[in-house]
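What's in structure_17.pdb: PDB, C-alpha atoms
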ATOM      1  CA  MET A   1     -30.926 155.276   4.769
ATOM      2  CA  GLN A   2     -33.316 158.116   4.016
ATOM      3  CA  GLU A   3     -36.983 157.208   4.307
ATOM      4  CA  LYS A   4     -38.781 157.498   0.970
ATOM      5  CA  LEU A   5     -42.067 159.368   0.596
ATOM      6  CA  VAL A   6     -45.185 157.171   0.668
ATOM      7  CA  SER A   7     -48.357 158.566  -0.929
ATOM      8  CA  ILE A   8     -51.640 157.431   0.637
ATOM      9  CA  ILE A   9     -54.583 157.816  -1.756
ATOM     10  CA  ILE A  10     -58.038 158.025  -0.162
ATOM     11  CA  PRO A  11     -61.048 158.276  -2.529
ATOM     12  CA  ILE A  12     -63.972 159.908  -0.707
ATOM     13  CA  TYR A  13     -67.671 159.912  -1.517
ATOM     14  CA  ASN A  14     -70.338 160.759   1.081
ATOM     15  CA  VAL A  15     -68.670 158.987   3.991
ATOM     16  CA  GLU A  16     -68.742 161.643   6.728
ATOM     17  CA  LYS A  17     -69.966 159.014   9.211
ATOM     18  CA  TYR A  18     -66.717 157.042   8.876
ATOM     19  CA  LEU A  19     -64.213 159.556   7.536
ATOM     20  CA  VAL A  20     -62.728 160.995  10.727
ATOM     21  CA  LYS A  21     -61.776 157.549  12.048
ATOM     22  CA  CYS A  22     -60.112 156.753   8.729
ATOM     23  CA  LEU A  23     -58.149 160.017   8.557
ATOM     24  CA  GLN A  24     -57.131 159.874  12.211
ATOM     25  CA  SER A  25     -55.714 156.396  11.674
ATOM     26  CA  VAL A  26     -53.693 157.685   8.720
ATOM     27  CA  GLN A  27     -52.469 160.690  10.680
ATOM     28  CA  ALA A  28     -51.336 158.414  13.524
ATOM     29  CA  GLN A  29     -48.927 156.394  11.367
ATOM     30  CA  THR A  30     -45.565 155.714  13.009
ATOM     31  CA  TYR A  31     -43.927 156.184   9.604
ATOM     32  CA  LYS A  32     -44.024 159.947   9.251
ATOM     33  CA  ASN A  33     -42.830 160.641   5.695
ATOM     34  CA  ILE A  34     -46.261 160.352   4.111
ATOM     35  CA  GLN A  35     -48.325 162.378   1.688
ATOM     36  CA  VAL A  36     -52.087 161.974   2.108
ATOM     37  CA  LEU A  37     -54.185 162.662  -0.988
ATOM     38  CA  MET A  38     -57.878 162.959  -0.144
ATOM     39  CA  ILE A  39     -59.782 162.715  -3.421
ATOM     40  CA  ASP A  40     -63.348 163.987  -2.966
ATOM     41  CA  ASP A  41     -65.310 162.359  -5.772
ATOM     42  CA  GLY A  42     -68.207 164.817  -5.744
ATOM     43  CA  SER A  43     -69.445 164.350  -2.165
ATOM     44  CA  THR A  44     -72.648 166.157  -1.205
ATOM     45  CA  ASP A  45     -72.438 165.581   2.565
ATOM     46  CA  GLY A  46     -70.009 167.086   5.072
ATOM     47  CA  SER A  47     -66.948 165.143   3.904
ATOM     48  CA  ALA A  48     -65.280 168.202   2.340
ATOM     49  CA  GLU A  49     -65.299 170.168   5.613
ATOM     50  CA  LEU A  50     -63.808 167.228   7.506
ATOM     51  CA  CYS A  51     -61.019 166.920   4.939
ATOM     52  CA  LYS A  52     -60.256 170.632   5.077
ATOM     53  CA  ASP A  53     -59.912 170.433   8.868
ATOM     54  CA  PHE A  54     -57.116 167.894   8.449
ATOM     55  CA  VAL A  55     -55.424 170.011   5.765
ATOM     56  CA  ALA A  56     -55.432 172.996   8.130
ATOM     57  CA  LYS A  57     -53.813 171.019  10.943
ATOM     58  CA  ASP A  58     -51.369 168.755   9.084
ATOM     59  CA  ASN A  59     -49.399 169.847   6.011
ATOM     60  CA  ARG A  60     -49.004 166.239   4.877
ATOM     61  CA  PHE A  61     -52.704 166.192   3.958
ATOM     62  CA  ARG A  62     -53.902 167.495   0.577
ATOM     63  CA  TYR A  63     -57.517 167.840  -0.506
ATOM     64  CA  PHE A  64     -58.808 167.589  -4.085
ATOM     65  CA  TYR A  65     -62.377 167.968  -5.297
ATOM     66  CA  LYS A  66     -63.504 166.458  -8.607
ATOM     67  CA  GLU A  67     -66.773 165.612 -10.328
ATOM     68  CA  ASN A  68     -68.123 162.199  -9.485
ATOM     69  CA  GLY A  69     -66.474 159.523 -11.602
ATOM     70  CA  GLY A  70     -66.402 156.502  -9.301
ATOM     71  CA  LEU A  71     -63.758 154.770  -7.209
ATOM     72  CA  SER A  72     -61.449 153.844 -10.084
ATOM     73  CA  ASP A  73     -61.465 157.368 -11.490
ATOM     74  CA  ALA A  74     -60.681 158.820  -8.054
ATOM     75  CA  ARG A  75     -57.786 156.421  -7.579
ATOM     76  CA  ASN A  76     -56.355 157.290 -10.999
ATOM     77  CA  TYR A  77     -56.736 160.989 -10.153
ATOM     78  CA  GLY A  78     -54.741 160.438  -6.973
ATOM     79  CA  ILE A  79     -52.036 158.403  -8.714
ATOM     80  CA  SER A  80     -51.467 161.201 -11.226
ATOM     81  CA  ARG A  81     -50.920 163.684  -8.383
ATOM     82  CA  ALA A  82     -48.863 161.486  -6.066
ATOM     83  CA  ASP A  83     -45.253 162.461  -5.390
ATOM     84  CA  GLY A  84     -44.281 159.351  -3.453
ATOM     85  CA  GLN A  85     -42.078 156.581  -4.746
ATOM     86  CA  TYR A  86     -44.579 154.186  -3.173
ATOM     87  CA  LEU A  87     -48.383 154.246  -3.158
ATOM     88  CA  THR A  88     -51.090 152.719  -1.020
ATOM     89  CA  PHE A  89     -54.887 152.952  -1.275
ATOM     90  CA  VAL A  90     -57.229 153.320   1.677
ATOM     91  CA  ASP A  91     -60.998 153.206   1.316
ATOM     92  CA  SER A  92     -62.489 156.092   3.274
ATOM     93  CA  ASP A  93     -64.686 153.915   5.482
ATOM     94  CA  ASP A  94     -61.765 151.657   6.452
ATOM     95  CA  TYR A  95     -58.926 152.427   8.847
ATOM     96  CA  LEU A  96     -55.318 151.462   9.565
ATOM     97  CA  SER A  97     -53.158 150.134  12.345
ATOM     98  CA  PRO A  98     -50.587 152.784  13.370
ATOM     99  CA  VAL A  99     -47.802 150.582  11.937
ATOM    100  CA  PHE A 100     -49.440 149.864   8.575
ATOM    101  CA  VAL A 101     -47.159 152.081   6.478
ATOM    102  CA  GLU A 102     -44.084 151.228   8.563
ATOM    103  CA  GLN A 103     -44.550 147.485   8.094
ATOM    104  CA  LEU A 104     -45.317 147.581   4.380
ATOM    105  CA  TYR A 105     -42.595 150.110   3.565
ATOM    106  CA  ALA A 106     -40.030 147.979   5.420
ATOM    107  CA  CYS A 107     -40.406 145.299   2.732
ATOM    108  CA  PHE A 108     -39.127 147.683   0.039
ATOM    109  CA  ASN A 109     -36.380 148.972   2.302
ATOM    110  CA  ALA A 110     -35.120 145.455   3.018
ATOM    111  CA  ASP A 111     -35.226 144.226  -0.588
ATOM    112  CA  PRO A 112     -35.178 146.651  -3.549
ATOM    113  CA  ALA A 113     -36.524 143.875  -5.819
ATOM    114  CA  VAL A 114     -39.887 143.970  -4.021
ATOM    115  CA  GLU A 115     -42.490 145.896  -6.031
ATOM    116  CA  VAL A 116     -45.639 145.077  -4.021
ATOM    117  CA  SER A 117     -46.034 144.483  -0.297
ATOM    118  CA  VAL A 118     -49.156 143.025   1.298
ATOM    119  CA  CYS A 119     -50.547 142.594   4.804
ATOM    120  CA  SER A 120     -53.428 140.628   6.290
ATOM    121  CA  MET A 121     -56.681 142.453   7.054
ATOM    122  CA  ASP A 122     -59.337 142.202   9.734
ATOM    123  CA  LEU A 123     -62.999 142.534   8.771
ATOM    124  CA  VAL A 124     -65.042 144.754  11.096
ATOM    125  CA  ASP A 125     -68.740 145.564  11.355
ATOM    126  CA  GLU A 126     -70.216 149.050  11.740
ATOM    127  CA  THR A 127     -69.544 148.965  15.495
ATOM    128  CA  TYR A 128     -65.879 148.213  14.640
ATOM    129  CA  LYS A 129     -66.102 144.743  16.106
ATOM    130  CA  THR A 130     -63.875 142.200  14.370
ATOM    131  CA  ILE A 131     -66.072 139.665  12.558
ATOM    132  CA  GLY A 132     -63.509 137.878  10.398
ATOM    133  CA  SER A 133     -60.181 138.212   8.662
ATOM    134  CA  TYR A 134     -58.153 137.602   5.546
ATOM    135  CA  SER A 135     -55.020 136.188   7.118
ATOM    136  CA  PHE A 136     -51.940 135.576   4.994
ATOM    137  CA  PRO A 137     -48.634 133.969   6.069
ATOM    138  CA  THR A 138     -45.387 135.926   5.846
ATOM    139  CA  LYS A 139     -43.903 134.900   2.529
ATOM    140  CA  VAL A 140     -42.145 136.124  -0.597
ATOM    141  CA  TYR A 141     -43.713 135.350  -3.988
ATOM    142  CA  THR A 142     -42.858 136.009  -7.569
ATOM    143  CA  GLY A 143     -45.578 138.031  -9.272
ATOM    144  CA  GLU A 144     -46.876 134.906 -11.016
ATOM    145  CA  GLU A 145     -46.931 132.941  -7.763
ATOM    146  CA  ALA A 146     -48.845 135.756  -6.072
ATOM    147  CA  LEU A 147     -51.447 135.739  -8.835
ATOM    148  CA  ARG A 148     -51.830 131.973  -8.467
ATOM    149  CA  GLU A 149     -52.723 132.510  -4.800
ATOM    150  CA  VAL A 150     -55.349 135.102  -5.779
ATOM    151  CA  LEU A 151     -56.870 132.875  -8.442
ATOM    152  CA  TYR A 152     -57.241 130.015  -5.959
ATOM    153  CA  SER A 153     -58.497 132.385  -3.208
ATOM    154  CA  ARG A 154     -56.040 131.070  -0.680
ATOM    155  CA  GLY A 155     -52.769 132.866   0.237
ATOM    156  CA  LEU A 156     -53.733 136.310  -1.093
ATOM    157  CA  GLU A 157     -56.791 138.285  -2.166
ATOM    158  CA  CYS A 158     -57.401 140.684  -5.024
ATOM    159  CA  TYR A 159     -58.063 143.886  -3.052
ATOM    160  CA  ALA A 160     -56.020 146.966  -3.945
ATOM    161  CA  CYS A 161     -56.180 147.986  -0.287
ATOM    162  CA  ALA A 162     -53.900 146.423   2.358
ATOM    163  CA  LYS A 163     -51.092 146.643  -0.190
ATOM    164  CA  MET A 164     -48.279 149.029  -1.043
ATOM    165  CA  PHE A 165     -47.054 149.441  -4.599
ATOM    166  CA  SER A 166     -44.032 150.872  -6.323
ATOM    167  CA  LYS A 167     -45.448 153.887  -8.152
ATOM    168  CA  LYS A 168     -43.721 152.904 -11.393
ATOM    169  CA  ILE A 169     -46.201 150.021 -11.763
ATOM    170  CA  PHE A 170     -48.894 152.535 -12.653
ATOM    171  CA  GLU A 171     -46.959 153.843 -15.619
ATOM    172  CA  THR A 172     -48.363 150.904 -17.601
ATOM    173  CA  VAL A 173     -51.633 149.990 -15.830
ATOM    174  CA  SER A 174     -54.565 151.964 -14.459
ATOM    175  CA  PHE A 175     -57.992 151.354 -12.928
ATOM    176  CA  THR A 176     -60.872 151.133 -15.410
ATOM    177  CA  LYS A 177     -63.194 154.104 -14.925
ATOM    178  CA  GLY A 178     -66.793 153.329 -14.051
ATOM    179  CA  ARG A 179     -66.285 149.598 -13.534
ATOM    180  CA  LEU A 180     -67.373 147.588 -10.519
ATOM    181  CA  PHE A 181     -65.003 144.944  -9.107
ATOM    182  CA  GLU A 182     -62.162 147.277 -10.036
ATOM    183  CA  ASP A 183     -59.620 145.422  -7.892
ATOM    184  CA  ILE A 184     -59.799 142.030  -9.612
ATOM    185  CA  ASP A 185     -59.907 143.958 -12.893
ATOM    186  CA  ILE A 186     -56.387 145.299 -12.309
ATOM    187  CA  ILE A 187     -54.603 142.998  -9.873
ATOM    188  CA  TYR A 188     -53.810 140.246 -12.382
ATOM    189  CA  LYS A 189     -52.151 142.806 -14.668
ATOM    190  CA  ILE A 190     -50.107 144.154 -11.772
ATOM    191  CA  PHE A 191     -48.915 140.777 -10.503
ATOM    192  CA  LEU A 192     -47.932 139.589 -13.979
ATOM    193  CA  ASN A 193     -45.815 142.719 -14.422
ATOM    194  CA  VAL A 194     -43.813 142.579 -11.181
ATOM    195  CA  LYS A 195     -40.950 140.342 -10.110
ATOM    196  CA  LYS A 196     -41.437 140.081  -6.359
ATOM    197  CA  VAL A 197     -44.311 140.395  -3.871
ATOM    198  CA  GLN A 198     -43.642 140.407  -0.120
ATOM    199  CA  VAL A 199     -46.373 139.443   2.354
ATOM    200  CA  VAL A 200     -46.128 140.459   6.001
ATOM    201  CA  GLY A 201     -48.354 138.333   8.193
ATOM    202  CA  GLY A 202     -49.779 140.931  10.555
ATOM    203  CA  ALA A 203     -53.294 142.360  10.113
ATOM    204  CA  TYR A 204     -52.662 146.102   9.794
ATOM    205  CA  TYR A 205     -55.701 147.064   7.696
ATOM    206  CA  TYR A 206     -59.298 147.136   8.964
ATOM    207  CA  TYR A 207     -61.918 146.526   6.284
ATOM    208  CA  LEU A 208     -65.416 147.773   7.171
ATOM    209  CA  GLN A 209     -68.252 145.473   6.093
ATOM    210  CA  ARG A 210     -71.103 147.833   5.255
ATOM    211  CA  LYS A 211     -74.487 146.318   4.532
ATOM    212  CA  ASN A 212     -75.002 148.485   1.440
ATOM    213  CA  SER A 213     -71.646 147.744  -0.209
ATOM    214  CA  ILE A 214     -71.625 146.281  -3.719
ATOM    215  CA  THR A 215     -70.412 142.861  -2.543
ATOM    216  CA  GLN A 216     -72.838 142.714   0.401
ATOM    217  CA  ALA A 217     -75.886 144.015  -1.484
ATOM    218  CA  VAL A 218     -78.517 141.858  -3.161
ATOM    219  CA  PHE A 219     -78.066 141.155  -6.855
ATOM    220  CA  ASN A 220     -78.280 143.879  -9.454
ATOM    221  CA  ARG A 221     -77.447 143.546 -13.124
ATOM    222  CA  LYS A 222     -74.433 145.842 -12.852
ATOM    223  CA  GLN A 223     -72.693 142.974 -11.080
ATOM    224  CA  LEU A 224     -72.692 141.018 -14.338
ATOM    225  CA  VAL A 225     -69.655 143.046 -15.401
ATOM    226  CA  LEU A 226     -67.775 140.479 -13.315
ATOM    227  CA  LEU A 227     -68.313 138.002 -16.171
ATOM    228  CA  ASP A 228     -66.640 140.384 -18.632
ATOM    229  CA  ILE A 229     -63.735 140.868 -16.233
ATOM    230  CA  MET A 230     -63.279 137.108 -15.909
ATOM    231  CA  GLN A 231     -63.218 136.648 -19.682
ATOM    232  CA  GLU A 232     -60.704 139.472 -20.122
ATOM    233  CA  MET A 233     -58.565 138.042 -17.337
ATOM    234  CA  MET A 234     -58.540 134.581 -18.918
ATOM    235  CA  SER A 235     -57.568 136.042 -22.299
ATOM    236  CA  TYR A 236     -54.741 138.036 -20.718
ATOM    237  CA  ILE A 237     -53.463 135.048 -18.749
ATOM    238  CA  ALA A 238     -53.643 132.780 -21.801
ATOM    239  CA  VAL A 239     -51.121 135.083 -23.482
ATOM    240  CA  HIS A 240     -48.911 136.147 -20.564
ATOM    241  CA  ALA A 241     -49.031 133.158 -18.173
ATOM    242  CA  PRO A 242     -50.688 130.158 -19.859
ATOM    243  CA  ASN A 243     -49.619 127.841 -17.025
ATOM    244  CA  LEU A 244     -52.128 129.725 -14.824
ATOM    245  CA  LEU A 245     -55.087 129.119 -17.118
ATOM    246  CA  SER A 246     -56.568 126.322 -14.958
ATOM    247  CA  ALA A 247     -56.335 128.635 -11.954
ATOM    248  CA  ALA A 248     -58.057 131.394 -13.926
ATOM    249  CA  ILE A 249     -60.870 129.003 -14.890
ATOM    250  CA  ARG A 250     -61.291 128.134 -11.229
ATOM    251  CA  ARG A 251     -61.647 131.848 -10.384
ATOM    252  CA  LYS A 252     -64.162 132.330 -13.211
ATOM    253  CA  VAL A 253     -66.259 129.407 -11.974
ATOM    254  CA  SER A 254     -66.114 130.788  -8.431
ATOM    255  CA  SER A 255     -67.414 134.132  -9.720
ATOM    256  CA  GLU A 256     -70.245 132.438 -11.625
ATOM    257  CA  LEU A 257     -71.250 130.464  -8.529
ATOM    258  CA  TRP A 258     -71.277 133.690  -6.494
ATOM    259  CA  LEU A 259     -73.577 135.285  -9.078
ATOM    260  CA  ILE A 260     -75.905 132.266  -9.136
ATOM    261  CA  ALA A 261     -76.279 132.494  -5.368
ATOM    262  CA  LYS A 262     -76.859 136.263  -5.557
ATOM    263  CA  ILE A 263     -79.537 135.963  -8.236
ATOM    264  CA  ASN A 264     -81.338 133.169  -6.397
ATOM    265  CA  SER A 265     -81.510 135.317  -3.264
ATOM    266  CA  CYS A 266     -83.916 137.642  -5.119
ATOM    267  CA  GLN A 267     -87.667 137.134  -5.166
ATOM    268  CA  ASP A 268     -87.876 138.026  -8.858
ATOM    269  CA  ARG A 269     -84.852 135.961  -9.857
ATOM    270  CA  ASP A 270     -83.898 135.730 -13.521
ATOM    271  CA  LYS A 271     -84.317 132.009 -14.232
ATOM    272  CA  ASP A 272     -82.832 132.262 -17.723
ATOM    273  CA  LEU A 273     -79.716 133.949 -16.392
ATOM    274  CA  VAL A 274     -79.338 131.301 -13.690
ATOM    275  CA  LYS A 275     -79.663 128.618 -16.355
ATOM    276  CA  GLN A 276     -77.023 130.334 -18.513
ATOM    277  CA  LEU A 277     -74.577 130.638 -15.614
ATOM    278  CA  THR A 278     -75.209 127.061 -14.491
ATOM    279  CA  LYS A 279     -74.459 125.805 -18.006
ATOM    280  CA  SER A 280     -71.180 127.756 -18.031
ATOM    281  CA  VAL A 281     -70.162 126.353 -14.640
ATOM    282  CA  LYS A 282     -70.907 122.785 -15.710
ATOM    283  CA  LYS A 283     -68.828 123.276 -18.878
ATOM    284  CA  ASP A 284     -65.734 123.988 -16.764
ATOM    285  CA  ALA A 285     -66.581 121.805 -13.759
ATOM    286  CA  LYS A 286     -64.312 118.911 -14.783
ATOM    287  CA  ILE A 287     -61.309 121.210 -15.077
ATOM    288  CA  VAL A 288     -61.881 122.548 -11.562
ATOM    289  CA  SER A 289     -62.692 119.134 -10.070
ATOM    290  CA  ARG A 290     -59.550 117.549 -11.533
ATOM    291  CA  ASP A 291     -57.317 120.448 -10.526
ATOM    292  CA  ARG A 292     -55.387 119.295  -7.465
ATOM    293  CA  GLN A 293     -54.957 122.873  -6.336
ATOM    294  CA  SER A 294     -58.694 123.561  -6.247
ATOM    295  CA  SER A 295     -59.958 123.419  -2.688
ATOM    296  CA  ARG A 296     -62.298 120.865  -1.145
ATOM    297  CA  ASN A 297     -64.745 123.747  -0.775
ATOM    298  CA  ASP A 298     -64.651 124.387  -4.541
ATOM    299  CA  LYS A 299     -65.480 120.772  -5.265
ATOM    300  CA  ILE A 300     -68.313 120.610  -2.716
ATOM    301  CA  LYS A 301     -69.972 123.621  -4.380
ATOM    302  CA  LEU A 302     -69.820 121.905  -7.762
ATOM    303  CA  ILE A 303     -71.310 118.692  -6.330
ATOM    304  CA  LEU A 304     -74.148 120.666  -4.740
ATOM    305  CA  LEU A 305     -74.927 122.401  -8.017
ATOM    306  CA  LYS A 306     -74.710 119.218 -10.085
ATOM    307  CA  TYR A 307     -76.818 116.942  -7.904
ATOM    308  CA  PHE A 308     -79.198 119.331  -6.129
ATOM    309  CA  GLY A 309     -79.604 122.167  -8.627
ATOM    310  CA  PRO A 310     -79.086 125.939  -8.393
ATOM    311  CA  ARG A 311     -81.846 126.601  -5.821
ATOM    312  CA  VAL A 312     -80.507 124.194  -3.181
ATOM    313  CA  PHE A 313     -76.923 125.175  -3.994
ATOM    314  CA  SER A 314     -77.766 128.856  -3.505
ATOM    315  CA  PHE A 315     -79.587 128.222  -0.237
ATOM    316  CA  VAL A 316     -76.546 126.428   1.194
ATOM    317  CA  TYR A 317     -74.095 128.970  -0.256
ATOM    318  CA  ASN A 318     -75.991 131.947   1.154
ATOM    319  CA  SER A 319     -76.595 130.243   4.512
ATOM    320  CA  VAL A 320     -72.982 129.317   5.050
ATOM    321  CA  GLY A 321     -71.555 132.453   3.432
ATOM    322  CA  THR A 322     -68.942 130.317   1.744
ATOM    323  CA  GLY A 323     -66.258 131.508  -0.598
ATOM    324  CA  ALA A 324     -65.237 134.765  -2.215
ATOM    325  CA  LYS A 325     -65.619 135.871  -5.805
TER     326      LYS A 325
END

Hey, can you dump this file as structure tokens for me?
Amino acid sequence: MQEKLVSIIIPIYNVEKYLVKCLQSVQAQTYKNIQVLMIDDGSTDGSAELCKDFVAKDNRFRYFYKENGGLSDARNYGISRADGQYLTFVDSDDYLSPVFVEQLYACFNADPAVEVSVCSMDLVDETYKTIGSYSFPTKVYTGEEALREVLYSRGLECYACAKMFSKKIFETVSFTKGRLFEDIDIIYKIFLNVKKVQVVGGAYYYYLQRKNSITQAVFNRKQLVLLDIMQEMMSYIAVHAPNLLSAAIRRKVSSELWLIAKINSCQDRDKDLVKQLTKSVKKDAKIVSRDRQSSRNDKIKLILLKYFGPRVFSFVYNSVGTGAK
């Protein structure tokens, strides 16, 4: 069977420190029928020159320059120019195992009903030392089942990276330009519009944990867009998959708890905002506590908040580093 073209979309913005490692890992893929779209989102460092070096040496690499529009805009730009039947996204400070494309493409080759394939990922620090992982078991899900795993933060995560998609998915969905937390903003729409998701257990994607990333940084008010995303997600799920509404509430509460802990880590914390978020969490706490699929960790967080208040809760949350959004 002829190998189909896989388009690898790499948004780039001022990452010359990390870019060569990323591009070398893409170039070294054992699956050779790839198209690499390097989308320069208005970089002002030496990223452009590094990209052009790869274009000169490997005709599978293509370089595009555009005005700065953010990660979502760069991904959409790449999607519109991709020729592959399958797409994957790589952040330009991350890197891949040589068999990443081979392993994820094999899922589509083995079963034409698969529309998304997923692998585990290792988390690495800026010395490229492994400091953690998101490890998922090999399994086949329906799209709705896959979303349930995301909403409960257990078998899958919301990241657009470490996944391969049938390109046709993006005929009806796209990333929202200028929005933070762009992955959770789109993944629920994707999973509720596909029939089958295949997970391969190996960790073939390496996710760099930079200290100045949006999820690692201290609180800023731009992060409050996460609340809008959660509300939109719940509205969408209420219409398209109402049986997942309890799971969606659990994810919303988890996001609110993450924000409470972020805000309380600041010296000039917004007490009114903490109070507002705490009230919202307590409103939904019974639903999460009574949900048998909510984790023990979820319930411990709610007990801490209820009986010890947001300051003690946040101290424990930030000390332990518990939970994802």

I need the residue nearest Asp40 of chain A from this list: A:Val55, A:Ile10, A:Val99, A:Val320. Use all atoms listed in the file for the distance.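 Nearest to Asp40 of chain A: A:Ile10.
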
Go ahead and fit an axis-aligned box to every listed atom of segment 134-147 of chain A plus 4 Å each side, and pass me the centre and edge lengths in Å, one decimal, as lines of an AutoDock Vina configuration file.
center_x = -50.1
center_y = 135.5
center_z = -1.9
size_x = 24.0
size_y = 13.1
size_z = 26.1

Would you translate the PyMOL selection byres ((chain A and resi 189) around 9) into the concrete set of residues it matches in this file, as a list in words?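 When the PyMOL selection byres ((chain A and resi 189) around 9) is applied to the shown file, the picked residues are Val173, Asp185, Ile186, Ile187, Tyr188, Ile190, Phe191, Leu192, Asn193, Met233, Tyr236 and Ile237 of chain A.
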
Could you state which residues are captured by the PyMOL selection byres ((chain A and resi 181) around 9) in this file, as a VMD selection string? chain A and resid 179 to 180 182 to 185 214 to 215 223 225 to 226 229

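Interatomic distance, atom CA of Val140 of chain A against atom CA of Cys119 of chain A: 11.9 Å.
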
Spell out the residues picked by the PyMOL selection byres ((chain A and resi 60) around 8) here, as a list in words.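 Selected by the PyMOL selection byres ((chain A and resi 60) around 8) here: Ile34, Gln35, Val36, Val55, Asp58, Asn59, Phe61 and Arg62 of chain A.
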
May I ask for the distance between atom CA of Ile39 of chain A and atom CA of Leu208 of chain A, given in Å to one decimal place?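 These atoms are spaced 19.2 Å apart.
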
Could you give me, as a PyMOL selection string, the residues within 12 Å of segment 288-305 of chain A, counting all atoms listed in the file and dropping anything in the same chain fewer than 2 positions from it? chain A and resi 148-149+151-154+244-258+260-261+274-275+277-286+307-318+320-325
